[in-house]
Amino acid sequence: MSYLDEYVSAVRFGNKLRNEKVPKEAYDDLLQYCRELAKNQDLAQFTDQMLPAIAEQFIKESPPDLAGLCHSVSQQFFDNWVQSELSQASGLAITVGSVEFKGKPLYPVSKSSLRRTLAEGFNPNRELDLHVWLTFPNMRVLDLTIVPTLLEKGLINSDDFGDLRHVVWTEGNNSQLYYRPMLQDDQFLFKVDKIAGYA
């Protein structure tokens, strides 16, 4: 299944968990909309050329070590984005799931475990075995914490990603990473955790 198909399934799952009745046609429309945006050269240029500088500036203004802060970092970037003029350039969505590195999943997350996590509710003292990142409507992924997380886990060296402290990922770009969206929920953090206020 492609990232886009998994993303639409993650949107559907999020709506189901919120008991929102959405007609099947809406998901077909979302699929078509994202396919069209994937061909949009202006959006591709923005996400591929301007986004890295925006992401690095955000990271520069954040704490030195972002490992393990994927919820807070993604939420704060998202909140800043939707409240700024950047939202006119592109939409953005908080995405929850797993990421694979060199073909191996880093987190044992499933839709069942996500259900249990959300059913348990707010518990900032709990360790969550899942990952959070941002998805643009052309299916570009922005991950602001995967590089320090891989470093902390001892899976990469400090120079493996060059000077970059973030990842802008696209399916099929021969990356060692692969993202598996399971839940799209822009309010996920507030349901299960507390934000680390710094941005």
# chains A, B, ... in the order shown; residues from 1 in each chain; ligands from 1
$ select_by_dssp --residues "range 129-182 of chain A" --states "strand (DSSP E or B)" --output "JSON, numbers by chain"
{"A": [131, 132, 133, 134, 135, 141, 142, 143, 167, 168, 169, 177, 178, 179, 180, 181, 182]}
$ closest_atom_pairs --of "range 40-124 of chain A" --to "range 5-8 of chain A" --cutoff "10 Å" --atoms "only C-alpha atoms" --output "CSV"
residue,atom,partner,partner_atom,distance
A:Thr95,CA,A:Tyr7,CA,8.2
A:Val96,CA,A:Tyr7,CA,9.8
A:Gly97,CA,A:Tyr7,CA,9.9
$ residues_around --residues "Leu144 in chain A" --least-positions-apart "5" --cutoff "9 Å" --atoms "only C-alpha atoms" --output "ChimeraX atom specification"
/A:55-56,59,66,70,73-74,77,133-134,165-168
$ closest_atom_pairs --of "range 73-134 of chain A" --to "range 30-51 of chain A" --cutoff "12 Å" --atoms "only C-alpha atoms" --output "Markdown table"
| residue | atom | partner | partner_atom | distance |
| --- | --- | --- | --- | --- |
| A:Phe77 | CA | A:Leu51 | CA | 11.9 |
| A:Trp81 | CA | A:Leu51 | CA | 11.4 |
| A:Leu86 | CA | A:Leu51 | CA | 10.1 |
| A:Gln88 | CA | A:Leu43 | CA | 11.2 |
| A:Ala89 | CA | A:Leu43 | CA | 7.6 |
| A:Ser90 | CA | A:Leu43 | CA | 7.4 |
| A:Gly91 | CA | A:Leu43 | CA | 10.3 |
| A:Leu92 | CA | A:Thr47 | CA | 11.1 |
| A:Leu134 | CA | A:Thr47 | CA | 11.9 |
$ write_last_selection --atoms "C-alpha atoms" --output "PDB file, in the first residue's frame"
ATOM      1  CA  PHE A  77       5.269  23.371  14.529  1.00  0.00           C
ATOM      2  CA  TRP A  81       2.097  26.926  10.862  1.00  0.00           C
ATOM      3  CA  LEU A  86       2.543  29.772   5.750  1.00  0.00           C
ATOM      4  CA  GLN A  88      -1.787  29.959   2.791  1.00  0.00           C
ATOM      5  CA  ALA A  89       1.036  28.172   0.982  1.00  0.00           C
ATOM      6  CA  SER A  90      -0.028  24.707   2.138  1.00  0.00           C
ATOM      7  CA  GLY A  91      -2.167  22.736   4.534  1.00  0.00           C
ATOM      8  CA  LEU A  92      -0.543  20.467   7.097  1.00  0.00           C
ATOM      9  CA  LEU A 134       3.722  16.118   9.788  1.00  0.00           C
TER      10      LEU A 134
END
$ residues_around --residues "range 108-125 of chain A" --least-positions-apart "6" --cutoff "9 Å" --atoms "only C-alpha atoms" --output "list in words"
Phe13, Leu17, Val96, Gly97, Ser98, His131, Met182, Leu183, Phe188, Leu189, Phe190, Lys191, Val192, Asp193 and Lys194 of chain A
$ select_by_dssp --residues "range 17-180 of chain A" --states "alpha helix (DSSP H)" --output "NGL selection string"
:A and (17 or 24-38 or 41-45 or 51-60 or 70-82 or 86-89 or 111-120 or 146-152)
$ closest_residue --among "A:Gly103, A:Leu151, A:Asp159, A:Thr135" --to "Ser175 in chain A" --atoms "only C-alpha atoms"
A:Gly103
$ residues_around --residues "Trp169 in chain A" --least-positions-apart "2" --cutoff "8 Å" --atoms "only C-alpha atoms" --output "list in words"
Arg140, Val141, Leu142, Asp143, Val167, Glu171, Asn173 and Ser175 of chain A
$ write_last_selection --atoms "N, CA and C atoms" --output "PDB file, in the first residue's frame"
ATOM      1  N   ARG A 140       4.335  14.951   1.172  1.00  0.00           N
ATOM      2  CA  ARG A 140       5.673  15.143   1.707  1.00  0.00           C
ATOM      3  C   ARG A 140       5.573  15.029   3.227  1.00  0.00           C
ATOM      4  N   VAL A 141       6.529  14.338   3.804  1.00  0.00           N
ATOM      5  CA  VAL A 141       6.593  14.185   5.261  1.00  0.00           C
ATOM      6  C   VAL A 141       7.661  15.122   5.792  1.00  0.00           C
ATOM      7  N   LEU A 142       7.334  15.818   6.870  1.00  0.00           N
ATOM      8  CA  LEU A 142       8.330  16.596   7.615  1.00  0.00           C
ATOM      9  C   LEU A 142       8.463  15.949   8.986  1.00  0.00           C
ATOM     10  N   ASP A 143       9.654  15.462   9.286  1.00  0.00           N
ATOM     11  CA  ASP A 143       9.929  14.845  10.584  1.00  0.00           C
ATOM     12  C   ASP A 143      11.022  15.650  11.272  1.00  0.00           C
ATOM     13  N   VAL A 167      14.066  15.764   8.592  1.00  0.00           N
ATOM     14  CA  VAL A 167      13.928  14.999   7.348  1.00  0.00           C
ATOM     15  C   VAL A 167      12.690  15.488   6.608  1.00  0.00           C
ATOM     16  N   GLU A 171       7.914   9.374  -0.585  1.00  0.00           N
ATOM     17  CA  GLU A 171       7.927   7.952  -0.954  1.00  0.00           C
ATOM     18  C   GLU A 171       8.671   7.765  -2.274  1.00  0.00           C
ATOM     19  N   ASN A 173      12.002   7.929  -2.663  1.00  0.00           N
ATOM     20  CA  ASN A 173      13.230   8.713  -2.826  1.00  0.00           C
ATOM     21  C   ASN A 173      14.474   7.951  -2.361  1.00  0.00           C
ATOM     22  N   SER A 175      15.202   6.524   0.316  1.00  0.00           N
ATOM     23  CA  SER A 175      15.613   6.811   1.682  1.00  0.00           C
ATOM     24  C   SER A 175      15.699   5.514   2.489  1.00  0.00           C
TER      25      SER A 175
END
$ residues_around --residues "Gly14 in chain A" --least-positions-apart "3" --cutoff "7 Å" --atoms "only C-alpha atoms" --output "PyMOL selection string"
chain A and resi 10-11+17-18+183-185
$ residues_around --residues "Glu100 in chain A" --least-positions-apart "4" --cutoff "12 Å" --atoms "only C-alpha atoms" --output "PyMOL selection string"
chain A and resi 104-109+130-131+146+150+155+175-181
$ write_last_selection --atoms "C-alpha atoms" --output "compact mmCIF listing (two decimals), in the first residue's frame"
# COMPACT_ATOMS: atom_id res chain seq x y z
CA LYS A 104 12.85 -2.42 10.47
CA PRO A 105 10.02 -0.76 12.41
CA LEU A 106 11.22 1.51 15.21
CA TYR A 107 7.92 1.44 17.11
CA PRO A 108 5.55 -1.49 17.86
CA VAL A 109 2.43 0.57 17.15
CA LEU A 130 4.67 5.41 18.46
CA HIS A 131 5.94 8.24 16.31
CA ILE A 146 13.76 11.44 13.73
CA LEU A 150 18.02 7.69 15.64
CA LEU A 155 21.30 3.63 14.90
CA SER A 175 15.61 6.81 1.68
CA GLN A 176 16.53 4.42 4.49
CA LEU A 177 13.32 5.63 6.14
CA TYR A 178 9.74 4.63 5.44
CA TYR A 179 6.74 6.18 7.15
CA ARG A 180 3.60 4.20 7.99
CA PRO A 181 0.69 6.48 8.91
$ atom_distance --atom1 "CA of His71 in chain A" --atom2 "CA of Ala26 in chain A"
27.7 Å
$ closest_residue --among "A:Asn174, A:Thr145, A:Gln83, A:Asn138" --to "Leu69 in chain A" --atoms "only C-alpha atoms"
A:Thr145
$ atom_distance --atom1 "CA of Asp160 in chain A" --atom2 "CA of Val147 in chain A"
9.1 Å
$ atom_distance --atom1 "CA of Gly68 in chain A" --atom2 "CA of Tyr3 in chain A"
23.4 Å
$ decode --residues "range 11-25 of chain A" --atoms "all heavy atoms" --output "compact mmCIF listing (two decimals), in the first residue's frame"
# COMPACT_ATOMS: atom_id res chain seq x y z
N VAL A 11 -6.73 8.86 8.00
CA VAL A 11 -7.78 9.88 8.14
C VAL A 11 -9.10 9.20 8.49
O VAL A 11 -9.82 9.62 9.40
CB VAL A 11 -7.91 10.71 6.85
CG1 VAL A 11 -9.13 11.63 6.92
CG2 VAL A 11 -6.66 11.53 6.60
N ARG A 12 -9.39 8.11 7.78
CA ARG A 12 -10.63 7.36 8.03
C ARG A 12 -10.66 6.82 9.46
O ARG A 12 -11.68 6.91 10.15
CB ARG A 12 -10.73 6.19 7.04
CG ARG A 12 -12.05 5.44 7.09
CD ARG A 12 -11.97 4.14 6.28
NE ARG A 12 -11.56 4.35 4.92
CZ ARG A 12 -12.40 4.44 3.88
NH1 ARG A 12 -13.69 4.33 4.07
NH2 ARG A 12 -11.93 4.60 2.66
N PHE A 13 -9.52 6.30 9.93
CA PHE A 13 -9.43 5.76 11.28
C PHE A 13 -9.66 6.86 12.31
O PHE A 13 -10.37 6.67 13.30
CB PHE A 13 -8.07 5.10 11.47
CG PHE A 13 -7.88 4.42 12.79
CD1 PHE A 13 -8.78 3.45 13.24
CD2 PHE A 13 -6.79 4.73 13.60
CE1 PHE A 13 -8.59 2.81 14.46
CE2 PHE A 13 -6.60 4.10 14.82
CZ PHE A 13 -7.51 3.14 15.25
N GLY A 14 -9.06 8.03 12.08
CA GLY A 14 -9.25 9.15 12.99
C GLY A 14 -10.71 9.57 13.08
O GLY A 14 -11.24 9.82 14.17
N ASN A 15 -11.39 9.63 11.94
CA ASN A 15 -12.81 9.97 11.93
C ASN A 15 -13.64 8.92 12.66
O ASN A 15 -14.58 9.24 13.39
CB ASN A 15 -13.31 10.15 10.50
CG ASN A 15 -12.76 11.41 9.85
OD1 ASN A 15 -12.40 12.36 10.53
ND2 ASN A 15 -12.69 11.41 8.53
N LYS A 16 -13.27 7.66 12.46
CA LYS A 16 -14.00 6.56 13.12
C LYS A 16 -13.85 6.66 14.64
O LYS A 16 -14.83 6.50 15.38
CB LYS A 16 -13.45 5.22 12.62
CG LYS A 16 -14.19 4.02 13.15
CD LYS A 16 -13.65 2.74 12.52
CE LYS A 16 -14.39 1.52 13.03
NZ LYS A 16 -13.85 0.26 12.45
N LEU A 17 -12.64 6.95 15.12
CA LEU A 17 -12.41 7.06 16.56
C LEU A 17 -13.18 8.24 17.16
O LEU A 17 -13.57 8.20 18.32
CB LEU A 17 -10.92 7.22 16.85
CG LEU A 17 -10.04 5.99 16.59
CD1 LEU A 17 -8.59 6.32 16.87
CD2 LEU A 17 -10.49 4.79 17.42
N ARG A 18 -13.39 9.26 16.36
CA ARG A 18 -14.15 10.44 16.83
C ARG A 18 -15.65 10.30 16.57
O ARG A 18 -16.41 11.23 16.78
CB ARG A 18 -13.62 11.71 16.15
CG ARG A 18 -12.23 12.11 16.58
CD ARG A 18 -11.80 13.44 15.97
NE ARG A 18 -11.65 13.38 14.53
CZ ARG A 18 -10.54 13.04 13.89
NH1 ARG A 18 -9.47 12.70 14.59
NH2 ARG A 18 -10.49 13.03 12.58
N ASN A 19 -16.05 9.12 16.08
CA ASN A 19 -17.46 8.84 15.75
C ASN A 19 -18.04 9.83 14.74
O ASN A 19 -19.21 10.20 14.81
CB ASN A 19 -18.33 8.84 17.02
CG ASN A 19 -17.98 7.68 17.93
OD1 ASN A 19 -17.84 6.55 17.49
ND2 ASN A 19 -17.82 7.96 19.21
N GLU A 20 -17.19 10.26 13.83
CA GLU A 20 -17.64 11.17 12.77
C GLU A 20 -18.09 10.35 11.57
O GLU A 20 -17.33 9.52 11.07
CB GLU A 20 -16.51 12.13 12.38
CG GLU A 20 -16.15 13.09 13.49
CD GLU A 20 -15.02 14.03 13.11
OE1 GLU A 20 -14.64 14.10 11.92
OE2 GLU A 20 -14.50 14.72 14.01
N LYS A 21 -19.31 10.57 11.14
CA LYS A 21 -19.86 9.85 9.99
C LYS A 21 -19.45 10.58 8.72
O LYS A 21 -19.91 11.69 8.44
CB LYS A 21 -21.38 9.78 10.07
CG LYS A 21 -21.90 9.19 11.39
CD LYS A 21 -21.49 7.75 11.55
CE LYS A 21 -22.08 7.16 12.83
NZ LYS A 21 -21.46 5.91 13.22
N VAL A 22 -18.56 9.98 7.97
CA VAL A 22 -18.06 10.58 6.73
C VAL A 22 -18.37 9.63 5.58
O VAL A 22 -18.02 8.45 5.64
CB VAL A 22 -16.54 10.83 6.82
CG1 VAL A 22 -16.01 11.43 5.53
CG2 VAL A 22 -16.23 11.74 8.01
N PRO A 23 -19.03 10.10 4.53
CA PRO A 23 -19.36 9.21 3.41
C PRO A 23 -18.11 8.72 2.70
O PRO A 23 -17.08 9.42 2.65
CB PRO A 23 -20.21 10.09 2.49
CG PRO A 23 -19.92 11.49 2.88
CD PRO A 23 -19.53 11.46 4.32
N LYS A 24 -18.20 7.51 2.16
CA LYS A 24 -17.06 6.90 1.46
C LYS A 24 -16.55 7.80 0.35
O LYS A 24 -15.35 7.87 0.08
CB LYS A 24 -17.49 5.54 0.90
CG LYS A 24 -16.40 4.83 0.13
CD LYS A 24 -16.91 3.58 -0.55
CE LYS A 24 -15.81 2.90 -1.36
NZ LYS A 24 -15.28 3.72 -2.44
N GLU A 25 -17.46 8.52 -0.30
CA GLU A 25 -17.08 9.38 -1.41
C GLU A 25 -16.09 10.46 -0.98
O GLU A 25 -15.25 10.91 -1.75
CB GLU A 25 -18.31 10.05 -2.04
CG GLU A 25 -19.28 9.09 -2.70
CD GLU A 25 -20.15 8.31 -1.71
OE1 GLU A 25 -20.28 8.76 -0.53
OE2 GLU A 25 -20.69 7.27 -2.11
